[in-house]
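Chemist: Please find one structure pasted underneath; my questions will follow.
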Amino acid sequence: MRMRRRNNLAPRMEACESVWIHEPEALRGSWRSLMPGCRELRVEVGCGKGKFTVETAEAEPDVLLIAIERVQDALVLAMEAAIRKGLKNVFFVSLDAANIDQFFADDEIDLLYINFCDPWPRKKNAKRRLTYHTFLEKYKKVLKLGGQIHFKTDNANLFAWSLPEMESCFLELRNVTDDLHANGPVGIMTGYEEKFYALGTPINRVEAVVVTKTPRPADVKDEGEDNDTPTDDGKEQES
Ligand SMILES: C[S@@+](CC[C@H](N)C(=O)[O-])C[C@H]1O[C@@H](n2cnc3c(N)ncnc32)[C@H](O)[C@@H]1O
């Protein structure tokens with residue numbers, strides 16, 4: 001579903017200067033200078049309207065959280081929510097997560113969240129999935145050894161496709177579940193998650209741990225090239 005155009009987007013973005021990082025490349029290797037003494041540096045890719053971002057930052061004030069979102073009509077809402085709450089430990093980047101290794105240094109991040117990313121079911125668009133191996137290899141670079149990717153999705157087929165994709169990058173999978181909230185709500189829910197939970201759609205979640213920095217071998221069969229996810233119905237989801 002396309003994001004609705006926000007009124008007065010440019011002045012509203014400008015009003016969010018205090019939390020909006022315009023030149024993330026300049027902070028490469030020194031993000032912690034935004035919050036000296038922070039316990040962890042975490043990154044969320046595709047934060048959308050920022051419900052999870054803001055609530056996580058509020059719940060863990062000693063953690064520095066950087067949220068990346070390429071659609072400004074969504075980002076502005078996330079930034080406005082952070083400002084309304086007076087949060088000092090969350091900042092926002094208006095860029096494509098595909099360039100994450102250009103604005104974070106190797107080993108800089110402790111934890112990376114991927115929440116309800118677009119499934120891109122058609123095989124020709126597999127490379128756009130935020131769990132495609134080219135993205136995973138970049139996350140692996142900027143995550144420290146022992147760092148983690150926490151991935152949640154309502155899309156069972158994207159999840160089933162993503163797990164071996166992660167393993168092909170030598171990520172160790174932990175706490176895999178296909179029904180996170182089976183016994184009642186667990187953790188902070190994102191905006192999308194809340195909607196799916198209300199509909200009774202099971203939520204899939206995995207923690208993928210960086211246990212080695214060894215890159216994915218070049219000769220691994222590229223599933224994105226050869227296979228659709230099983231639900232491919234010819235429709236494509238756009239952000
Ligand atoms: C389906 S929405 C989910 C939003 C939010 N994470 C949630 O769970 O409510 C996916 C979001 O990821 C963003 N996104 C998709 N690909 C991206 C990319 N390569 N870089 C940055 N943001 C991206 C989209 O613009 C969209 O806001």
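A note on labels: chains of the structure tokens are A, B, ... as shown, every chain counts residues from 1, and ligands are counted from 1 in their shown order.
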Give me, as CSV, the closest atom pair and its distance (Å, one decimal) for every residue of chain A within a cut-off of 6 Å of ligand 1, counting only C-alpha atoms and all ligand atoms, rows sorted by chain and rising number.
Modeler:
```
residue,atom,partner,partner_atom_place_in_ligand_line,distance
A:Val45,CA,ligand 1,21 (C),5.7
A:Gly46,CA,ligand 1,12 (O),3.3
A:Cys47,CA,ligand 1,6 (N),4.2
A:Gly48,CA,ligand 1,27 (O),3.6
A:Ile68,CA,ligand 1,21 (C),5.5
A:Glu69,CA,ligand 1,22 (N),3.9
A:Arg70,CA,ligand 1,21 (C),4.3
A:Val71,CA,ligand 1,25 (O),4.8
A:Leu95,CA,ligand 1,21 (C),6.0
A:Asp96,CA,ligand 1,20 (N),3.6
A:Ala97,CA,ligand 1,20 (N),3.8
A:Ala98,CA,ligand 1,19 (N),5.4
A:Asn115,CA,ligand 1,6 (N),4.4
A:Phe116,CA,ligand 1,8 (O),4.5
A:Cys117,CA,ligand 1,10 (C),4.5
A:Asp118,CA,ligand 1,1 (C),5.0
A:Thr190,CA,ligand 1,9 (O),4.5
A:Gly191,CA,ligand 1,9 (O),3.8
A:Tyr192,CA,ligand 1,9 (O),3.9
A:Glu193,CA,ligand 1,8 (O),5.9
A:Ser239,CA,ligand 1,24 (C),4.7
```
Chemist: List the neighbours of segment 143-146 of chain A out to 10 Å using only C-alpha atoms; skip same-chain residues closer than 2 positions along the sequence, and give me the result as a list in words.
Modeler: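 The residues that qualify are Leu41, Arg42, Val43, Asp101, Phe104, Ala105, Asp106, Asp107, Glu108, Ile109, Asp110, Leu111, Leu112, Glu137, Lys138, Tyr139, Lys140, Lys141, Gln148, Ile149, Leu171, Glu172, Ala208, Val209, Val210, Val211, Thr212 and Lys213 of chain A.
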Chemist: Keeping only C-alpha atoms, write the selected residues as a PDB file, in the first residue's frame.
Modeler:
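And here's out_5.pdb as it stands now:
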```
ATOM      1  CA  LEU A  41      23.775   0.878  19.605  1.00  0.00           C
ATOM      2  CA  ARG A  42      20.745  -0.568  17.807  1.00  0.00           C
ATOM      3  CA  VAL A  43      19.394   0.068  14.323  1.00  0.00           C
ATOM      4  CA  ASP A 101      27.500  -0.037   5.219  1.00  0.00           C
ATOM      5  CA  PHE A 104      27.919   2.538   9.720  1.00  0.00           C
ATOM      6  CA  ALA A 105      31.442   1.202  10.240  1.00  0.00           C
ATOM      7  CA  ASP A 106      32.322  -2.476  10.531  1.00  0.00           C
ATOM      8  CA  ASP A 107      31.355  -3.977  13.929  1.00  0.00           C
ATOM      9  CA  GLU A 108      29.637  -0.771  15.091  1.00  0.00           C
ATOM     10  CA  ILE A 109      26.115  -2.078  15.800  1.00  0.00           C
ATOM     11  CA  ASP A 110      24.920  -4.405  18.578  1.00  0.00           C
ATOM     12  CA  LEU A 111      21.427  -5.257  17.335  1.00  0.00           C
ATOM     13  CA  LEU A 112      19.442  -4.683  14.150  1.00  0.00           C
ATOM     14  CA  GLU A 137      25.911  -9.532   4.280  1.00  0.00           C
ATOM     15  CA  LYS A 138      25.860  -5.762   4.782  1.00  0.00           C
ATOM     16  CA  TYR A 139      24.134  -6.101   8.159  1.00  0.00           C
ATOM     17  CA  LYS A 140      26.755  -8.720   9.097  1.00  0.00           C
ATOM     18  CA  LYS A 141      29.547  -6.277   8.299  1.00  0.00           C
ATOM     19  CA  GLN A 148      21.966 -10.012  16.375  1.00  0.00           C
ATOM     20  CA  ILE A 149      19.263  -9.418  13.789  1.00  0.00           C
ATOM     21  CA  LEU A 171      23.887 -16.527  10.740  1.00  0.00           C
ATOM     22  CA  GLU A 172      22.929 -18.772  13.675  1.00  0.00           C
ATOM     23  CA  ALA A 208      19.856 -14.391  13.859  1.00  0.00           C
ATOM     24  CA  VAL A 209      23.260 -14.183  15.506  1.00  0.00           C
ATOM     25  CA  VAL A 210      26.537 -13.154  13.834  1.00  0.00           C
ATOM     26  CA  VAL A 211      28.783 -16.042  14.831  1.00  0.00           C
ATOM     27  CA  THR A 212      31.376 -15.458  12.102  1.00  0.00           C
ATOM     28  CA  LYS A 213      32.287 -12.660   9.737  1.00  0.00           C
TER      29      LYS A 213
END
```
Chemist: Among segment 88-163 of chain A, which residues does DSSP mark as helix (DSSP H, G or I) when it is run on the backbone? Keep the chain and numbering as in the structure and answer as a ChimeraX atom specification.
Modeler: /A:97-103,123-128,133-142,156-163
Chemist: Would you mind writing down, as number ranges by chain, each residue of segment 1-219 of chain A that DSSP on the backbone assigns to strand (DSSP E)?
Modeler: A: 40-45, 63-68, 90-93, 109-115, 143-153, 171-177, 204-210
Chemist: Write the residues of the preceding selection, restricted to C-alpha atoms, as a PDB file, in the first residue's frame.
Modeler:
```
ATOM      1  CA  GLU A  40      24.087  -0.508  23.106  1.00  0.00           C
ATOM      2  CA  LEU A  41      23.775   0.878  19.605  1.00  0.00           C
ATOM      3  CA  ARG A  42      20.745  -0.568  17.807  1.00  0.00           C
ATOM      4  CA  VAL A  43      19.394   0.068  14.323  1.00  0.00           C
ATOM      5  CA  GLU A  44      15.910  -0.471  12.909  1.00  0.00           C
ATOM      6  CA  VAL A  45      15.555  -0.751   9.139  1.00  0.00           C
ATOM      7  CA  VAL A  63      20.161   2.312  24.453  1.00  0.00           C
ATOM      8  CA  LEU A  64      20.929   4.478  21.414  1.00  0.00           C
ATOM      9  CA  LEU A  65      18.513   3.683  18.593  1.00  0.00           C
ATOM     10  CA  ILE A  66      18.917   4.751  14.961  1.00  0.00           C
ATOM     11  CA  ALA A  67      15.906   4.227  12.682  1.00  0.00           C
ATOM     12  CA  ILE A  68      16.279   4.089   8.905  1.00  0.00           C
ATOM     13  CA  VAL A  90      16.605   8.005  19.143  1.00  0.00           C
ATOM     14  CA  PHE A  91      17.648   9.497  15.796  1.00  0.00           C
ATOM     15  CA  PHE A  92      16.432   9.018  12.235  1.00  0.00           C
ATOM     16  CA  VAL A  93      18.033   8.561   8.828  1.00  0.00           C
ATOM     17  CA  ILE A 109      26.115  -2.078  15.800  1.00  0.00           C
ATOM     18  CA  ASP A 110      24.920  -4.405  18.578  1.00  0.00           C
ATOM     19  CA  LEU A 111      21.427  -5.257  17.335  1.00  0.00           C
ATOM     20  CA  LEU A 112      19.442  -4.683  14.150  1.00  0.00           C
ATOM     21  CA  TYR A 113      15.663  -4.915  13.841  1.00  0.00           C
ATOM     22  CA  ILE A 114      13.769  -5.838  10.657  1.00  0.00           C
ATOM     23  CA  ASN A 115      10.065  -5.505  11.365  1.00  0.00           C
ATOM     24  CA  LEU A 143      27.085  -5.722  13.306  1.00  0.00           C
ATOM     25  CA  LYS A 144      29.687  -6.741  15.868  1.00  0.00           C
ATOM     26  CA  LEU A 145      30.608 -10.414  16.254  1.00  0.00           C
ATOM     27  CA  GLY A 146      27.880 -11.790  18.526  1.00  0.00           C
ATOM     28  CA  GLY A 147      25.501  -9.066  17.336  1.00  0.00           C
ATOM     29  CA  GLN A 148      21.966 -10.012  16.375  1.00  0.00           C
ATOM     30  CA  ILE A 149      19.263  -9.418  13.789  1.00  0.00           C
ATOM     31  CA  HIS A 150      15.719  -9.627  15.173  1.00  0.00           C
ATOM     32  CA  PHE A 151      13.256 -10.275  12.363  1.00  0.00           C
ATOM     33  CA  LYS A 152       9.470 -10.268  12.684  1.00  0.00           C
ATOM     34  CA  THR A 153       6.892 -10.775   9.938  1.00  0.00           C
ATOM     35  CA  LEU A 171      23.887 -16.527  10.740  1.00  0.00           C
ATOM     36  CA  GLU A 172      22.929 -18.772  13.675  1.00  0.00           C
ATOM     37  CA  LEU A 173      19.178 -18.905  14.181  1.00  0.00           C
ATOM     38  CA  ARG A 174      17.776 -18.796  17.709  1.00  0.00           C
ATOM     39  CA  ASN A 175      14.309 -18.630  19.280  1.00  0.00           C
ATOM     40  CA  VAL A 176      12.546 -19.325  15.992  1.00  0.00           C
ATOM     41  CA  THR A 177       8.763 -19.142  16.348  1.00  0.00           C
ATOM     42  CA  ASN A 204       6.839 -15.138  12.946  1.00  0.00           C
ATOM     43  CA  ARG A 205      10.052 -14.140  14.703  1.00  0.00           C
ATOM     44  CA  VAL A 206      13.707 -15.167  14.686  1.00  0.00           C
ATOM     45  CA  GLU A 207      16.921 -13.966  16.264  1.00  0.00           C
ATOM     46  CA  ALA A 208      19.856 -14.391  13.859  1.00  0.00           C
ATOM     47  CA  VAL A 209      23.260 -14.183  15.506  1.00  0.00           C
ATOM     48  CA  VAL A 210      26.537 -13.154  13.834  1.00  0.00           C
TER      49      VAL A 210
END
```
Chemist: Using only C-alpha atoms for the distances, tell me which of A:Lys127, A:Lys195, A:Arg32, A:His133 is nearest to Asp154 of chain A.
Modeler: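 For Asp154 of chain A, the nearest of the candidates is A:Lys195.
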Chemist: Name all residues at most 12 Å from Met13 of chain A (count only C-alpha atoms; drop same-chain ones fewer than 2 positions away) and give them as a list in words.
Modeler: Arg6, Asn7, Asn8, Leu9, Ala10, Pro11, Ala15, Cys16, Glu17, Ser18, Val19, Trp20, Ile21, His22, Val71, Gln72, Asp73, Ala74, Leu75, Val76, Leu77, Ala78, Met79, Glu80, Ile83, Phe92, Val93 and Ser94 of chain A
Chemist: Kindly save the residues from that selection, with C-alpha atoms included, as a compact mmCIF listing (two decimals), in the first residue's frame.
Modeler:
```txt
# COMPACT_ATOMS: atom_id res chain seq x y z
CA ARG A 6 1.70 14.35 4.05
CA ASN A 7 0.69 17.99 4.00
CA ASN A 8 3.56 20.46 4.40
CA LEU A 9 6.12 17.67 4.35
CA ALA A 10 9.19 19.88 3.86
CA PRO A 11 8.55 22.28 6.77
CA ALA A 15 10.94 21.04 12.29
CA CYS A 16 12.41 17.62 13.19
CA GLU A 17 16.04 18.81 12.88
CA SER A 18 16.84 17.71 16.45
CA VAL A 19 16.34 14.02 15.65
CA TRP A 20 16.99 13.94 11.89
CA ILE A 21 20.54 12.99 10.83
CA HIS A 22 21.13 14.58 7.44
CA VAL A 71 9.84 7.12 2.73
CA GLN A 72 9.72 10.61 4.22
CA ASP A 73 5.92 10.62 4.49
CA ALA A 74 6.28 7.83 7.07
CA LEU A 75 9.52 9.08 8.60
CA VAL A 76 8.11 12.47 9.47
CA LEU A 77 5.43 10.84 11.65
CA ALA A 78 8.06 8.76 13.45
CA MET A 79 10.24 11.81 14.08
CA GLU A 80 7.31 13.90 15.30
CA ILE A 83 9.96 14.73 19.60
CA PHE A 92 16.43 9.02 12.23
CA VAL A 93 18.03 8.56 8.83
CA SER A 94 16.11 9.21 5.61
```
Chemist: Could you check how far atom CA of Gly29 of chain A sits from atom CA of Val142 of chain A, in Å to one decimal?
Modeler: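 Taking atom CA of Gly29 of chain A and atom CA of Val142 of chain A, their separation equals 9.7 Å.
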Chemist: So how many Å separate atom CA of Asn89 of chain A and atom CA of Pro24 of chain A, to one decimal?
Modeler: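 About the pair atom CA of Asn89 of chain A and atom CA of Pro24 of chain A: they are 15.9 Å apart.
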Chemist: Quick one, how far is atom CA of Ala182 of chain A from atom CA of Phe170 of chain A?
Modeler: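 That distance, rounded to one decimal, is 28.8 Å.
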Chemist: Calculated over only C-alpha atoms, which of the candidates A:Asn157, A:Ser30, A:Ser168, A:Ser162 has the smallest distance to Leu130 of chain A?
Modeler: A:Ser162
Chemist: For Ala218 of chain A, which residue out of A:Cys169, A:Ala82, A:Met3, A:Leu27 is the nearest one, using only C-alpha atoms?
Modeler: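 Among A:Cys169, A:Ala82, A:Met3, A:Leu27, it is A:Cys169 that comes nearest to Ala218 of chain A.
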